[in-house]
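Peer 1: Dropping the structure in here first, questions after.
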Amino acid sequence: MYPNASEVKANLVEGPTTIPIDVKFSSKYSLLIRSRNGNSFDPDTEFSKLVLEREGERIELGRCRILPEPNHEGYAGRLIFTRDVYDLESLLFHNKLVRLQNAFLNLPLILAHKHKISQSFKNYTANLTYDLSVYKNLFDSLDAEYADEPENIKASLQETIIAAEGRKFMAFLDDKLQELARIVRNFSREEHERHGFYFRKQLWNFIRCAPFMARTNLKPRGYAGDSEMMSMIYANDYWGDSTFAKLLHKHPIEHPAAQAVRNRRHVIGKIIEAMKSDGCRNRSGKQKILSVACGPARELEDILLAADDCRGFHFALLDQDRAALHEAAKLVDQIESKLNTHIGVDYLNESVRTMLATPQLKTKLGQFHFVYSMGLFDYLTPPVASAVLGKLYQLLKPGGEMVIGNYHISNPGRHYMEYWLDWVLFYRTEEDFKHLLKDAPDAEVDVFFDDTGVQMFLRVKKKRKMDSDSSFLPAEV
Amino acid sequence: MTRSIKFTLKPRWNEIEKIRNRSRRFLASHGLSDDNVQAFTMVISELIENSVKYGKFETSNNEVIVDIQINGKTVTVEVINPVDETVYTHLKALDKTIQWIRGFQDPFEAYVERLKAVAKKPLDDDDSGLGLARIAYEGQAILDFFLSEDHILNVSAVSNP
Ligand SMILES: Nc1ncnc2c1ncn2[C@@H]1O[C@H](COP(=O)(O)OP(=O)(O)O)[C@@H](O)[C@H]1O
Ligand SMILES: [Mg+2]
């Protein structure tokens with residue numbers, strides 16, 4: 001494991017005494033030592049420093065002590081550090097001097113971050129924490145009460161409790177969200193950020209119980225809204241290790257902000273559904289569809305219901321996340337074997353931020369009848385959103401259409417998402433959204449909403465030349 | 001109404017100070033508070049430094065473009081420079097870092113994490129790796145970027161949207 005874990009020459013120093021030794025990596029925080037002049041070591045002797053000599057370099061480490069362990073592989077014992085504790089693996093193998101206590105360097109900064117938290121917010125958070133512990137204790141003790149029952153009885157008991165007391169707890173959470181909205185109403189962005197940080201620090205032990213909340217906070221794949229979070233939203237079920245966890249998991253997933261995610265999948269599904277009877281096809285008789293930041297592409301299972309549907313479409317699925325593309329491919333496989341047919345799909349593992357540079361994008365992929373992107377523009381700032389939208393527009397065939405989702409600035413779940421879930425979106429108004437598309441004279445642009453009114457869609461139709469001449473001609477075949 | 005200004009500079013360290021001063025004057029002349037001018041000038045200068053450091057400049061294509069726009073209370077800066085395939089790993093790092101920073105509601109968390117990481121760096125590594133986190137935390141700006149067809153990199157920061 002440590003190919004170059006060879007011995008290093010060193011000196012132990014205490015006052016005028018210097019003892020030449022050999023040291024060898026033993027564990028992350030200890031070294032094996034052997035005297036070079038045959039001396040033995042008194043147990044527990046302390047030295048003021050250890051000086052390592054390596055490749056002509058002198059590295060001075062601080063106070064240390066010997067723990068004798070005679071005859072340990074021929075070494076006299078282990079050396080441990082008693083003031084600054086060094087990470088010896090980093091030092092000997094990566095040439096980095098890291099102290100165990102480094103983590104504390106930022107302590108004053110982090111402690112000071114709680115200043116400028118408003119008193120009413122502190123009260124709110126303290127009361128909420130208190131109430132949540134009361135609820136948690138109650139639900140946990142009920143769980144313990146029937147823990148020894150057979151599985152099916154347990155499940156049924158839990159359902160009963162969720163249906164009554166559980167739903168009351170969820171109503172309590174609703175009230176608490178309204179109270180939060182009142183308290184933070186006039187906050188600046190910086191105040192929201194700071195108060196959100198404080199809030200999550202206080203509530204972390206609750207937040208981490210709930211699988212959905214834990215994941216949005218920890219973002220194991222490096223970004224919010226990964227395919228696993230989408231699956232949780234689609235499933236909309238009670239998940240978690242305890243009744244309390246299940247309730248806290250389900251609550252945000254029932255919120256209109258999450259309902260919008262379920263809705264938008266069907267909005268897209270319906271548009272593609274309607275294309276089935278549309279005459280526009282390419283030479284091979286297929287309609288080409290591009291999904292940008294496709295995620296697990298679960299809408300495909302709503303659309304592809306018969307072998308005929310599969311023959312009529314060709315999909316290009318683009319996502320930065322390999323794992324998400326993998327899930328999409330698995331879904332496509334499942335549909336293929338269920339319908340006993342083949343589905344034309346190209347998988348593109350590419351970040352939208354760099355895909356614009358792919359010079360062959362247009363030649364390689366061709367143009368599309370329909371382009372859609374549901375959960376992407378919420379993360380793009382205007383300069384980038386504009387550039388991406390312009391590029392997608394170029395990828396549309398004349399007569400083609402694209403539909404792009406973005407959360408509306410009025411999202412009632414915004415504080416819930418930001419404070420509890422650590423999930424920040426780039427919100428837009430209708431006007432902001434429309435103005436992203438520039439220099440597109442052949443475009444017909446409008447905005448529509450899902451049933452919750454949270455999810456906004458920009459619809460861009462690329463007019464055919466004859467459309468813009470306002471003379472009617474039948475659809476291209 | 002949008003008010004904007006555009007600078008071009010040669011990718012040399014001694015050019016940066018000049019643009020920093022001109023940016024500061026532009027921001028101040030449009031009614032930003034001293035603190036905001038200070039913070040956003042830092043944002044601009046971190047972005048330019050990265051351009052100079054990571055850009056790939058050729059004789060024909062050897063400029064950094066800095067485009068600052070003020071629209072109501074929102075300030076946007078776009079810093080644009082050519083790159084080539086050799087910068088690809090940096091672009092991956094840029095993509096990952098920006099998404100990671102923006103994954104925190106409070107950019108303070110990203111900043112503290114970077115400080116911790118800096119304390120673990122080998123001493124012979126002079127990239128602090130703090131620049132983008134400072135833009136988000138001290139500069140209160142939202143980072144983003146894209147690479148366009150002709151290998152032109154556009155890194156932007158938007159304040160107070
Ligand atoms: N203009 C740029 N072009 C290419 N890569 C960049 C650019 N700006 C930043 N990066 C990448 O993002 C990383 C983080 O940038 P930053 O936080 O400013 O740290 P540093 O400049 O000290 O490396 C850089 O190390 C680099 O890999
Ligand atoms: Mg930098």
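In the structure tokens, chains take the letters A, B, ... in the order shown, each chain's residues start at 1, and ligands count up from 1 in the order shown.
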Per residue of chain B within 7 Å of ligand 1, record the nearest atom pair and its distance in Å to one decimal, counting only C-alpha atoms and all ligand atoms, with rows in chain order and ascending residue number, as a tab-separated table.
Peer 2:
```
residue	atom	partner	partner_atom_place_in_ligand_line	distance
B:Glu46	CA	ligand 1	18 (O)	6.5
B:Leu47	CA	ligand 1	1 (N)	6.7
B:Asn50	CA	ligand 1	8 (N)	4.4
B:Ser51	CA	ligand 1	1 (N)	4.0
B:Tyr54	CA	ligand 1	3 (N)	4.6
B:Gly55	CA	ligand 1	3 (N)	5.7
B:Val87	CA	ligand 1	4 (C)	6.2
B:His90	CA	ligand 1	27 (O)	3.8
B:Leu91	CA	ligand 1	5 (N)	4.8
B:Ala93	CA	ligand 1	27 (O)	4.9
B:Leu94	CA	ligand 1	12 (O)	3.9
B:Thr97	CA	ligand 1	12 (O)	6.6
B:Asp127	CA	ligand 1	22 (O)	3.8
B:Ser128	CA	ligand 1	22 (O)	4.0
B:Gly129	CA	ligand 1	19 (O)	3.2
B:Leu130	CA	ligand 1	17 (O)	4.4
B:Gly131	CA	ligand 1	18 (O)	3.6
B:Leu132	CA	ligand 1	17 (O)	3.8
B:Ala133	CA	ligand 1	17 (O)	6.0
B:Val155	CA	ligand 1	1 (N)	6.5
```
Peer 1: Restrict the selected residues to all heavy atoms and save them as a compact mmCIF listing (two decimals), in the first residue's frame.
Peer 2:
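So the final result, stored in again.txt, reads:
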```txt
# COMPACT_ATOMS: atom_id res chain seq x y z
N GLU B 46 -10.55 38.86 -9.96
CA GLU B 46 -10.33 37.41 -9.84
C GLU B 46 -10.61 36.71 -11.19
O GLU B 46 -9.89 35.80 -11.59
CB GLU B 46 -11.24 36.79 -8.77
CG GLU B 46 -10.81 37.06 -7.33
CD GLU B 46 -9.57 36.26 -6.89
OE1 GLU B 46 -9.19 35.30 -7.59
OE2 GLU B 46 -8.98 36.63 -5.85
N LEU B 47 -11.67 37.17 -11.85
CA LEU B 47 -12.02 36.53 -13.14
C LEU B 47 -10.95 36.82 -14.19
O LEU B 47 -10.58 35.93 -14.97
CB LEU B 47 -13.39 37.01 -13.63
CG LEU B 47 -14.61 36.52 -12.84
CD1 LEU B 47 -15.90 37.07 -13.45
CD2 LEU B 47 -14.67 34.99 -12.80
N ASN B 50 -7.87 34.70 -13.60
CA ASN B 50 -8.06 33.33 -14.09
C ASN B 50 -7.93 33.26 -15.61
O ASN B 50 -7.34 32.32 -16.15
CB ASN B 50 -9.41 32.78 -13.66
CG ASN B 50 -9.41 32.33 -12.20
OD1 ASN B 50 -8.37 32.31 -11.56
ND2 ASN B 50 -10.57 32.00 -11.69
N SER B 51 -8.47 34.26 -16.29
CA SER B 51 -8.36 34.31 -17.75
C SER B 51 -6.90 34.33 -18.18
O SER B 51 -6.48 33.61 -19.08
CB SER B 51 -9.00 35.59 -18.28
OG SER B 51 -10.28 35.33 -18.72
N TYR B 54 -5.27 30.86 -17.15
CA TYR B 54 -5.67 29.61 -17.80
C TYR B 54 -6.00 29.74 -19.29
O TYR B 54 -6.21 28.72 -19.95
CB TYR B 54 -6.88 29.01 -17.06
CG TYR B 54 -6.60 28.71 -15.61
CD1 TYR B 54 -7.13 29.49 -14.59
CD2 TYR B 54 -5.76 27.65 -15.27
CE1 TYR B 54 -6.85 29.21 -13.26
CE2 TYR B 54 -5.47 27.38 -13.94
CZ TYR B 54 -6.03 28.17 -12.93
OH TYR B 54 -5.75 27.89 -11.62
N GLY B 55 -6.09 30.97 -19.80
CA GLY B 55 -6.41 31.15 -21.21
C GLY B 55 -5.27 30.65 -22.09
O GLY B 55 -4.13 30.53 -21.65
N VAL B 87 -6.71 22.92 -22.13
CA VAL B 87 -7.32 23.52 -20.94
C VAL B 87 -8.52 22.70 -20.47
O VAL B 87 -9.16 23.01 -19.48
CB VAL B 87 -7.75 24.98 -21.27
CG1 VAL B 87 -8.27 25.71 -20.05
CG2 VAL B 87 -6.57 25.76 -21.84
N HIS B 90 -9.01 21.83 -16.94
CA HIS B 90 -9.35 23.00 -16.14
C HIS B 90 -10.82 23.35 -16.27
O HIS B 90 -11.46 23.76 -15.30
CB HIS B 90 -8.50 24.20 -16.55
CG HIS B 90 -7.12 24.16 -15.97
ND1 HIS B 90 -6.90 24.18 -14.61
CD2 HIS B 90 -5.90 24.07 -16.54
CE1 HIS B 90 -5.60 24.11 -14.38
NE2 HIS B 90 -4.97 24.03 -15.53
N LEU B 91 -11.36 23.17 -17.47
CA LEU B 91 -12.78 23.48 -17.66
C LEU B 91 -13.65 22.52 -16.86
O LEU B 91 -14.67 22.90 -16.30
CB LEU B 91 -13.16 23.42 -19.14
CG LEU B 91 -12.49 24.48 -20.01
CD1 LEU B 91 -13.01 24.40 -21.43
CD2 LEU B 91 -12.73 25.88 -19.44
N ALA B 93 -12.72 21.19 -14.08
CA ALA B 93 -12.57 21.68 -12.70
C ALA B 93 -13.45 22.91 -12.47
O ALA B 93 -14.11 23.04 -11.44
CB ALA B 93 -11.11 22.02 -12.40
N LEU B 94 -13.46 23.77 -13.47
CA LEU B 94 -14.27 24.99 -13.38
C LEU B 94 -15.75 24.63 -13.25
O LEU B 94 -16.47 25.16 -12.39
CB LEU B 94 -14.03 25.83 -14.64
CG LEU B 94 -14.75 27.17 -14.74
CD1 LEU B 94 -14.19 28.14 -13.73
CD2 LEU B 94 -14.60 27.76 -16.15
N THR B 97 -16.37 22.98 -9.83
CA THR B 97 -16.24 23.94 -8.73
C THR B 97 -17.43 24.89 -8.68
O THR B 97 -17.96 25.18 -7.61
CB THR B 97 -14.93 24.76 -8.89
OG1 THR B 97 -13.86 23.86 -9.11
CG2 THR B 97 -14.65 25.58 -7.63
N ASP B 127 -1.38 27.86 -6.59
CA ASP B 127 -2.78 28.19 -6.85
C ASP B 127 -3.54 28.09 -5.54
O ASP B 127 -3.60 27.04 -4.94
CB ASP B 127 -3.40 27.19 -7.83
CG ASP B 127 -2.79 27.33 -9.21
OD1 ASP B 127 -2.21 28.40 -9.47
OD2 ASP B 127 -2.89 26.38 -9.99
N SER B 128 -4.09 29.21 -5.11
CA SER B 128 -4.77 29.16 -3.83
C SER B 128 -6.08 28.38 -3.94
O SER B 128 -6.54 27.79 -2.99
CB SER B 128 -5.06 30.57 -3.34
OG SER B 128 -6.12 31.13 -4.09
N GLY B 129 -6.69 28.40 -5.15
CA GLY B 129 -7.95 27.71 -5.31
C GLY B 129 -9.08 28.37 -4.54
O GLY B 129 -10.12 27.77 -4.30
N LEU B 130 -8.87 29.61 -4.15
CA LEU B 130 -9.86 30.32 -3.35
C LEU B 130 -10.67 31.30 -4.18
O LEU B 130 -11.72 31.77 -3.75
CB LEU B 130 -9.13 31.14 -2.27
CG LEU B 130 -9.10 30.61 -0.85
CD1 LEU B 130 -8.42 31.61 0.05
CD2 LEU B 130 -10.51 30.32 -0.34
N GLY B 131 -10.14 31.64 -5.37
CA GLY B 131 -10.70 32.75 -6.14
C GLY B 131 -12.20 32.66 -6.37
O GLY B 131 -12.95 33.60 -6.08
N LEU B 132 -12.66 31.51 -6.88
CA LEU B 132 -14.08 31.39 -7.22
C LEU B 132 -14.94 31.45 -5.95
O LEU B 132 -16.02 32.06 -5.95
CB LEU B 132 -14.33 30.09 -7.98
CG LEU B 132 -13.63 29.97 -9.34
CD1 LEU B 132 -13.85 28.58 -9.95
CD2 LEU B 132 -14.13 31.04 -10.32
N ALA B 133 -14.46 30.83 -4.88
CA ALA B 133 -15.22 30.87 -3.63
C ALA B 133 -15.30 32.29 -3.07
O ALA B 133 -16.32 32.69 -2.51
CB ALA B 133 -14.59 29.92 -2.60
N VAL B 155 -16.70 33.30 -18.75
CA VAL B 155 -17.00 33.08 -17.33
C VAL B 155 -17.68 34.34 -16.83
O VAL B 155 -17.21 35.45 -17.09
CB VAL B 155 -15.73 32.80 -16.50
CG1 VAL B 155 -16.10 32.42 -15.07
CG2 VAL B 155 -14.90 31.69 -17.13
```
Peer 1: Do me a favour and pick out the residues of chain B within 8 Å of chain A, using only C-alpha atoms, as number ranges by chain.
Peer 2: B: 78, 95-96, 99-100, 102-107, 112, 115-116, 119-123, 140, 142-151, 156, 158, 160
Peer 1: Set the distance at 10 Å and use only C-alpha atoms: which residues neighbour Ala440 in chain A once local chain neighbours fewer than 4 positions away are removed? I'd like the list as a PyMOL selection string.
Peer 2: chain A and resi 390+393-394+444-445+460+462
Peer 1: Just checking: using only C-alpha atoms, which residue out of B:Ile70, B:Phe57, B:Ser45, B:Ile135 ends up closest to Ala28 in chain B?
Peer 2: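 Going through B:Ile70, B:Phe57, B:Ser45, B:Ile135 one by one, the smallest distance to Ala28 in chain B is for B:Ile70.
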Peer 1: If you count only C-alpha atoms, which residues fall within 8 Å of Leu396 in chain A, apart from same-chain ones fewer than 4 positions away, as a VMD selection string?
Peer 2: chain A and resid 367 to 371 392 400 to 402 462
Peer 1: Output as a PyMOL selection string all residues of range 22-156 of chain B that backbone DSSP marks as strand (DSSP E).
Peer 2: chain B and resi 64-71+74-82+141-148+152-156
Peer 1: Write the residues you've just listed into a file as a PDB file, in the first residue's frame, and include C-alpha atoms for each of them.
Peer 2:
```pdb
ATOM      1  CA  VAL B  64      -9.186  39.070 -22.804  1.00  0.00           C
ATOM      2  CA  ILE B  65     -12.542  40.841 -23.091  1.00  0.00           C
ATOM      3  CA  VAL B  66     -14.245  42.215 -20.018  1.00  0.00           C
ATOM      4  CA  ASP B  67     -17.883  43.204 -20.376  1.00  0.00           C
ATOM      5  CA  ILE B  68     -19.616  44.873 -17.409  1.00  0.00           C
ATOM      6  CA  GLN B  69     -23.353  45.578 -17.418  1.00  0.00           C
ATOM      7  CA  ILE B  70     -25.466  47.318 -14.821  1.00  0.00           C
ATOM      8  CA  ASN B  71     -29.186  46.744 -15.036  1.00  0.00           C
ATOM      9  CA  THR B  74     -27.948  43.820 -10.909  1.00  0.00           C
ATOM     10  CA  VAL B  75     -24.343  43.912 -12.026  1.00  0.00           C
ATOM     11  CA  THR B  76     -23.131  41.323 -14.523  1.00  0.00           C
ATOM     12  CA  VAL B  77     -19.567  40.837 -15.626  1.00  0.00           C
ATOM     13  CA  GLU B  78     -18.508  38.504 -18.407  1.00  0.00           C
ATOM     14  CA  VAL B  79     -14.833  37.742 -18.897  1.00  0.00           C
ATOM     15  CA  ILE B  80     -14.014  36.137 -22.209  1.00  0.00           C
ATOM     16  CA  ASN B  81     -10.849  34.467 -23.443  1.00  0.00           C
ATOM     17  CA  PRO B  82      -9.724  31.814 -25.927  1.00  0.00           C
ATOM     18  CA  ALA B 141     -22.060  37.016  -6.986  1.00  0.00           C
ATOM     19  CA  ILE B 142     -23.408  33.963  -8.810  1.00  0.00           C
ATOM     20  CA  LEU B 143     -20.868  32.311 -11.071  1.00  0.00           C
ATOM     21  CA  ASP B 144     -21.526  30.561 -14.328  1.00  0.00           C
ATOM     22  CA  PHE B 145     -19.719  29.837 -17.581  1.00  0.00           C
ATOM     23  CA  PHE B 146     -20.003  28.424 -21.047  1.00  0.00           C
ATOM     24  CA  LEU B 147     -17.695  27.471 -23.825  1.00  0.00           C
ATOM     25  CA  SER B 148     -18.770  28.538 -27.283  1.00  0.00           C
ATOM     26  CA  ILE B 152     -14.079  30.966 -26.546  1.00  0.00           C
ATOM     27  CA  LEU B 153     -14.609  30.684 -22.823  1.00  0.00           C
ATOM     28  CA  ASN B 154     -17.074  33.015 -21.148  1.00  0.00           C
ATOM     29  CA  VAL B 155     -17.004  33.081 -17.333  1.00  0.00           C
ATOM     30  CA  SER B 156     -19.548  35.357 -15.728  1.00  0.00           C
TER      31      SER B 156
END
```
Peer 1: Please, what distance in Å, to one decimal, runs between CA of His326 in chain A and CA of Ala245 in chain A?
Peer 2: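 Atom-to-atom, CA of His326 in chain A to CA of Ala245 in chain A, that is 29.0 Å.
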Peer 1: For CA of Lys288 in chain A and CA of Ile343 in chain A, quote the distance in Å rounded to one decimal.
Peer 2: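 That distance, rounded to one decimal, is 11.9 Å.
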Peer 1: What does the structure give for the distance between CA of Glu69 in chain A and CA of Gly38 in chain A, in Å to one decimal?
Peer 2: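 Between CA of Glu69 in chain A and CA of Gly38 in chain A the gap is 15.7 Å.
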Peer 1: Excluding Leu79 in chain A and any residue of its chain fewer than 5 positions from it, enumerate the residues within 10 Å of it, using only C-alpha atoms, and give them as a PyMOL selection string.
Peer 2: chain A and resi 23-24+26+29-33+44+46+50+64-68
Peer 1: Please list as a list in words every residue within 9 Å of Val37 in chain B, counting only C-alpha atoms and excluding residues in the same chain fewer than 6 positions away.
Peer 2: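 Once the nearby chain positions are removed, what remains is Ser23, Arg24, Arg25, Leu27 and Ala28 of chain B.
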Peer 1: Run DSSP on the backbone and grab whatever in range 37-135 of chain A lands in alpha helix (DSSP H); send it over as a PyMOL selection string.
Peer 2: chain A and resi 88-94+107-112+119-135
Peer 1: Please produce a file of the residues just selected, as a compact mmCIF listing (two decimals), in the first residue's frame, where the atoms kept are C-alpha atoms.
Peer 2:
```txt
# COMPACT_ATOMS: atom_id res chain seq x y z
CA LEU A 88 2.10 11.54 8.75
CA GLU A 89 0.54 9.93 5.72
CA SER A 90 0.15 13.34 4.09
CA LEU A 91 3.65 14.31 5.14
CA LEU A 92 5.54 11.20 4.05
CA PHE A 93 3.58 10.27 0.95
CA HIS A 94 2.13 13.51 -0.35
CA LEU A 107 -13.42 27.95 14.09
CA PRO A 108 -13.54 31.68 14.95
CA LEU A 109 -14.84 32.44 11.46
CA ILE A 110 -17.60 29.86 11.72
CA LEU A 111 -18.57 30.83 15.25
CA ALA A 112 -18.76 34.47 14.20
CA GLN A 119 -33.65 37.74 17.32
CA SER A 120 -37.03 36.77 15.93
CA PHE A 121 -35.34 34.21 13.70
CA LYS A 122 -33.40 32.79 16.65
CA ASN A 123 -36.63 32.45 18.61
CA TYR A 124 -38.33 30.83 15.67
CA THR A 125 -35.52 28.30 15.23
CA ALA A 126 -35.33 27.51 18.94
CA ASN A 127 -39.07 26.92 19.18
CA LEU A 128 -39.06 24.80 16.07
CA THR A 129 -36.16 22.71 17.37
CA TYR A 130 -38.00 22.19 20.64
CA ASP A 131 -41.22 21.18 18.93
CA LEU A 132 -39.46 18.85 16.54
CA SER A 133 -37.73 17.03 19.40
CA VAL A 134 -41.05 16.60 21.16
CA TYR A 135 -42.62 15.16 18.01
```
Peer 1: So which residues touch Gln287 in chain A within 12 Å, counting only C-alpha atoms, skipping near sequence neighbours fewer than 5 positions away, as a VMD selection string?
Peer 2: chain A and resid 272 to 282 309 to 316 344 to 345 366 to 371 396 to 397 400 to 401 476 to 477
Peer 1: Could you save those same residues with C-alpha atoms as an mmCIF file, in the first residue's frame?
Peer 2:
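Resulting contents of again.cif:
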```cif
data_model
loop_
_atom_site.group_PDB
_atom_site.id
_atom_site.type_symbol
_atom_site.label_atom_id
_atom_site.label_comp_id
_atom_site.auth_asym_id
_atom_site.auth_seq_id
_atom_site.Cartn_x
_atom_site.Cartn_y
_atom_site.Cartn_z
ATOM 1 C CA ILE A 272 -44.829 14.314 -27.424
ATOM 2 C CA GLU A 273 -48.013 12.263 -27.339
ATOM 3 C CA ALA A 274 -49.614 14.843 -29.630
ATOM 4 C CA MET A 275 -46.663 14.551 -32.016
ATOM 5 C CA LYS A 276 -47.555 10.936 -32.698
ATOM 6 C CA SER A 277 -50.258 12.000 -35.101
ATOM 7 C CA ASP A 278 -48.233 14.869 -36.537
ATOM 8 C CA GLY A 279 -47.039 14.459 -40.115
ATOM 9 C CA CYS A 280 -43.520 15.923 -39.641
ATOM 10 C CA ARG A 281 -40.934 13.168 -39.929
ATOM 11 C CA ASN A 282 -37.397 12.869 -41.157
ATOM 12 C CA ASP A 309 -44.718 4.748 -30.710
ATOM 13 C CA CYS A 310 -41.132 3.552 -30.554
ATOM 14 C CA ARG A 311 -40.831 3.328 -34.313
ATOM 15 C CA GLY A 312 -42.042 6.897 -34.720
ATOM 16 C CA PHE A 313 -39.357 8.617 -32.654
ATOM 17 C CA HIS A 314 -35.633 8.989 -32.375
ATOM 18 C CA PHE A 315 -34.309 10.389 -29.079
ATOM 19 C CA ALA A 316 -31.088 12.128 -28.146
ATOM 20 C CA GLY A 344 -33.572 4.719 -31.371
ATOM 21 C CA VAL A 345 -31.645 6.588 -28.677
ATOM 22 C CA GLY A 366 -28.710 17.020 -37.011
ATOM 23 C CA GLN A 367 -31.750 19.114 -36.252
ATOM 24 C CA PHE A 368 -34.745 18.180 -34.170
ATOM 25 C CA HIS A 369 -38.508 18.345 -34.412
ATOM 26 C CA PHE A 370 -38.744 18.844 -30.686
ATOM 27 C CA VAL A 371 -36.246 19.952 -28.049
ATOM 28 C CA LEU A 396 -34.495 23.086 -34.207
ATOM 29 C CA LYS A 397 -35.771 22.185 -37.639
ATOM 30 C CA GLY A 400 -39.892 22.543 -34.889
ATOM 31 C CA GLU A 401 -40.643 23.510 -31.327
ATOM 32 C CA GLU A 476 -43.125 18.960 -44.732
ATOM 33 C CA VAL A 477 -43.074 15.205 -45.254
#
```
Peer 1: Return the single residue from B:Ala39, B:Ala157, B:Val52, B:Ile5 that is closest to Glu138 in chain B, with distances computed using only C-alpha atoms.
Peer 2: B:Ala39
